[in-house]
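For reference, upload_10.txt is printed below; it contains compact mmCIF, C-alpha atoms.
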# COMPACT_ATOMS: atom_id res chain seq x y z
CA MET A 7 -137.43 -128.17 88.39
CA SER A 8 -133.96 -127.07 87.66
CA ARG A 9 -131.71 -128.67 85.09
CA ARG A 10 -129.38 -129.89 87.85
CA THR A 11 -132.25 -131.63 89.68
CA LEU A 12 -133.28 -133.39 86.45
CA SER A 13 -129.70 -134.59 86.00
CA TYR A 14 -129.71 -136.07 89.50
CA TYR A 15 -133.03 -137.81 88.83
CA ALA A 16 -131.72 -139.23 85.56
CA LEU A 17 -128.54 -140.50 87.23
CA PHE A 18 -130.50 -142.01 90.12
CA SER A 19 -132.91 -143.70 87.67
CA LEU A 20 -130.02 -145.15 85.67
CA ILE A 21 -128.30 -146.56 88.77
CA LEU A 22 -131.57 -147.97 90.13
CA THR A 23 -132.33 -149.61 86.77
CA MET A 24 -128.88 -151.22 86.66
CA ILE A 25 -129.19 -152.55 90.22
CA LEU A 26 -132.69 -153.92 89.69
CA GLY A 27 -131.65 -155.41 86.34
CA CYS A 28 -128.82 -157.29 88.04
CA ILE A 29 -131.04 -158.53 90.86
CA PHE A 30 -134.21 -159.37 88.91
CA GLY A 31 -132.76 -159.90 85.43
CA PRO A 32 -132.99 -163.18 83.55
CA SER A 33 -131.61 -165.97 85.69
CA THR A 34 -129.95 -167.76 82.77
CA ALA A 35 -127.90 -164.85 81.49
CA TYR A 36 -124.52 -166.45 82.13
CA ALA A 37 -125.49 -169.89 83.39
CA ALA A 38 -123.66 -171.79 80.64
CA GLU A 39 -120.19 -170.65 81.64
CA PRO A 40 -119.96 -170.90 85.43
CA ASN A 41 -121.23 -174.48 85.54
CA GLY A 42 -117.63 -175.65 85.16
CA GLN A 43 -118.52 -177.99 82.30
CA GLU A 44 -117.28 -175.93 79.36
CA GLU A 45 -113.56 -176.35 78.87
CA VAL A 46 -111.60 -174.13 76.52
CA GLU A 47 -108.16 -174.98 75.21
CA ALA A 48 -105.64 -173.53 72.79
CA ALA A 49 -102.03 -174.20 71.83
CA PHE A 50 -99.64 -171.35 71.07
CA ASP A 51 -96.20 -171.34 69.44
CA LEU A 52 -93.87 -169.39 71.71
CA GLU A 53 -91.16 -169.03 69.07
CA GLN A 54 -93.31 -166.41 67.35
CA TYR A 55 -92.94 -164.17 70.44
CA LEU A 56 -96.19 -162.38 69.56
CA PRO A 57 -99.53 -161.95 71.32
CA GLN A 58 -101.73 -164.88 70.34
CA SER A 59 -105.35 -165.62 71.22
CA LYS A 60 -108.32 -167.76 70.35
CA THR A 61 -111.96 -166.65 70.43
CA ILE A 62 -114.42 -169.18 71.81
CA PHE A 63 -118.19 -169.19 71.51
CA LEU A 64 -119.77 -170.42 74.73
CA ALA A 65 -122.92 -172.56 74.84
CA ASN A 66 -125.00 -169.52 75.82
CA GLY A 67 -123.87 -167.61 72.69
CA GLU A 68 -121.42 -165.33 74.49
CA GLU A 69 -117.79 -164.96 73.39
CA ALA A 70 -114.70 -165.66 75.47
CA GLU A 71 -111.01 -165.30 74.67
CA ILE A 72 -108.02 -167.31 75.80
CA GLY A 73 -104.55 -166.10 74.99
CA ILE A 74 -100.96 -165.25 75.75
CA ARG A 75 -98.95 -162.05 75.50
CA PRO A 76 -95.19 -161.67 75.67
CA VAL A 77 -94.11 -159.33 78.44
CA PRO A 78 -91.71 -156.79 76.95
CA THR A 79 -88.16 -157.22 78.18
CA ILE A 80 -84.93 -155.61 77.08
CA ARG A 81 -82.99 -158.13 75.04
CA PRO A 82 -80.13 -157.76 72.57
CA MET A 83 -80.93 -158.54 68.92
CA TRP A 84 -78.04 -161.01 68.77
CA ASP A 85 -79.13 -162.99 71.82
CA SER A 86 -80.28 -166.46 70.69
CA TYR A 87 -81.57 -167.13 74.22
CA TYR A 88 -85.10 -166.17 73.10
CA SER A 89 -85.21 -168.45 70.07
CA ASN A 90 -86.03 -171.42 72.31
CA ALA A 91 -89.33 -169.98 73.61
CA SER A 92 -87.73 -168.37 76.66
CA GLY A 93 -89.02 -165.13 78.11
CA ASP A 94 -91.87 -163.71 80.19
CA TRP A 95 -95.50 -164.34 79.20
CA GLU A 96 -98.94 -163.31 80.41
CA ILE A 97 -101.54 -166.09 80.28
CA TYR A 98 -105.17 -164.89 80.28
CA TYR A 99 -108.80 -165.89 79.86
CA ASN A 100 -111.45 -163.23 79.31
CA SER A 101 -115.11 -164.22 79.52
CA PRO A 102 -118.39 -162.34 80.04
CA ILE A 103 -118.27 -162.67 83.84
CA ILE A 104 -114.59 -163.04 84.78
CA TYR A 105 -111.18 -162.01 83.52
CA ARG A 106 -108.25 -163.90 85.02
CA HIS A 107 -104.55 -163.97 84.29
CA PHE A 108 -101.07 -164.75 85.59
CA TYR A 109 -97.48 -164.47 84.44
CA ILE A 110 -94.85 -167.13 83.75
CA THR A 111 -91.15 -167.02 82.98
CA ILE A 112 -89.86 -169.66 80.60
CA ASP A 113 -86.21 -170.61 80.37
CA ASN A 114 -84.98 -173.46 78.15
CA HIS A 115 -88.49 -174.90 77.62
CA LYS A 116 -89.30 -174.96 81.36
CA ILE A 117 -91.39 -172.74 83.59
CA THR A 118 -88.89 -171.21 85.99
CA ARG A 119 -91.25 -168.74 87.64
CA ALA A 120 -95.01 -168.16 87.85
CA HIS A 121 -96.47 -165.17 89.65
CA SER A 122 -99.06 -162.41 90.06
CA PRO A 123 -102.35 -164.26 89.57
CA SER A 124 -105.24 -161.81 89.39
CA TYR A 125 -108.91 -161.62 88.42
CA THR A 126 -111.71 -159.16 87.75
CA THR A 127 -115.34 -160.28 88.05
CA PHE A 128 -118.77 -159.18 86.93
CA LEU A 129 -121.95 -160.61 88.51
CA CYS A 130 -120.03 -163.11 90.65
CA SER A 131 -117.80 -163.24 93.68
CA VAL A 132 -114.65 -165.22 94.38
CA THR A 133 -114.65 -167.11 97.68
CA GLY A 134 -111.21 -168.66 97.39
CA GLU A 135 -108.24 -168.90 95.09
CA GLN A 136 -105.24 -171.19 94.65
CA PHE A 137 -102.14 -170.79 92.49
CA SER A 138 -99.53 -173.50 91.91
CA TRP A 139 -96.80 -174.22 89.41
CA SER A 140 -94.02 -176.64 88.54
CA SER A 141 -91.42 -176.77 85.77
CA THR A 142 -94.06 -177.80 83.20
CA VAL A 143 -97.43 -176.51 84.39
CA ALA A 144 -98.96 -173.46 86.13
CA THR A 145 -102.55 -173.52 87.40
CA TYR A 146 -104.78 -170.78 88.81
CA ARG A 147 -108.05 -171.93 90.44
CA LEU A 148 -110.87 -169.73 91.72
CA ASN A 149 -113.98 -170.69 93.68
CA ILE A 150 -116.76 -168.64 92.10
CA GLU A 151 -120.26 -167.90 93.36
CA VAL A 152 -122.61 -166.36 90.83
CA THR A 153 -124.64 -163.42 92.16
CA GLY A 154 -128.31 -164.13 92.63
CA GLY A 155 -127.87 -167.70 93.85
CA MET A 156 -127.33 -169.17 90.37
CA GLY A 157 -124.70 -171.59 91.68
CA SER A 158 -121.03 -171.95 92.28
CA THR A 159 -118.10 -173.64 90.59
CA VAL A 160 -114.35 -173.87 90.42
CA ALA A 161 -112.85 -171.97 87.50
CA ALA A 162 -109.35 -172.89 86.38
CA LEU A 163 -106.77 -171.35 84.07
CA GLN A 164 -103.78 -173.52 83.23
CA ALA A 165 -100.63 -173.29 81.12
CA LEU A 166 -98.71 -176.43 80.15
CA MET A 167 -95.26 -176.33 78.50
CA GLU A 168 -94.45 -178.83 75.78
CA GLY A 169 -91.28 -177.95 73.84
CA THR A 170 -91.86 -174.52 72.30
CA THR A 171 -95.66 -174.91 72.49
CA LEU A 172 -97.67 -173.57 75.38
CA HIS A 173 -101.01 -175.35 75.84
CA THR A 174 -103.59 -173.29 77.72
CA TYR A 175 -106.81 -174.51 79.33
CA ALA A 176 -109.70 -172.75 81.04
CA ASN A 177 -113.19 -173.54 82.22
Starting from the file, give its structure as structure tokens.
Amino acid sequence: MSRRTLSYYALFSLILTMILGCIFGPSTAYAAEPNGQEEVEAAFDLEQYLPQSKTIFLANGEEAEIGIRPVPTIRPMWDSYYSNASGDWEIYYNSPIIYRHFYITIDNHKITRAHSPSYTTFLCSVTGEQFSWSSTVATYRLNIEVTGGMGSTVAALQALMEGTTLHTYAN
């Protein structure tokens, strides 16, 4: 056999192993998170205008992260507009099976715009999504079905304004 043929066999074996591992792997690999029962929350001070996050340990031992990131904007150094928590922020939740995020614009302690909800999944599929916002809260909901018939749930990511503090929630 040639070296090229062996490379093709190795690649085929690797892909086949990954597919079979996903289909016939342990059925409880990520069951603790998509049941919708685990809620994660964190509060962030927007006056810091820095990326902030919190690491969470899920019931199944996996790690997840909830956080916020300021979206860079051009602003003069002398502009006091940003000292009251105003600006553009990315809200995100990163877990072993799904990453989801959206953006909000805050002006004078109120959400004036929320947009661009998005997600990336691993071992699950999204069957529906909903995004809503008001002057104090933005919520992104996804209907998730876990691959392999392990169940379905509604996953939510929410941001709630309270003064200069942004409270974030996810499940």
field: From A:Thr61, A:Thr142, A:Gln136, A:Thr118, residue lying nearest Gly169 in chain A [only C-alpha atoms]
entry: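 For Gly169 in chain A, the nearest of the given residues is A:Thr142.
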- line: Shortest contact to Arg75 in chain A, candidates A:Leu172, A:Val152, A:Ser124, A:Ile104, atoms counted all atoms listed in the file, goes to A:Leu172
field: Residue contacts of Ser59 in chain A (7 Å, all atoms listed in the file) excluding same-chain residues fewer than 2 positions away, as a PyMOL selection string
entry: chain A and resi 57+61+71-74
query: In Å to one decimal, how far is CA of Gly93 in chain A from CA of Thr79 in chain A?
result: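 According to the coordinates, CA of Thr79 in chain A and CA of Gly93 in chain A are separated by 8.0 Å.
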field: Atom pair CA of Phe137 in chain A / CA of Pro123 in chain A: separation (Å)
entry: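 It comes out at 7.2 Å.
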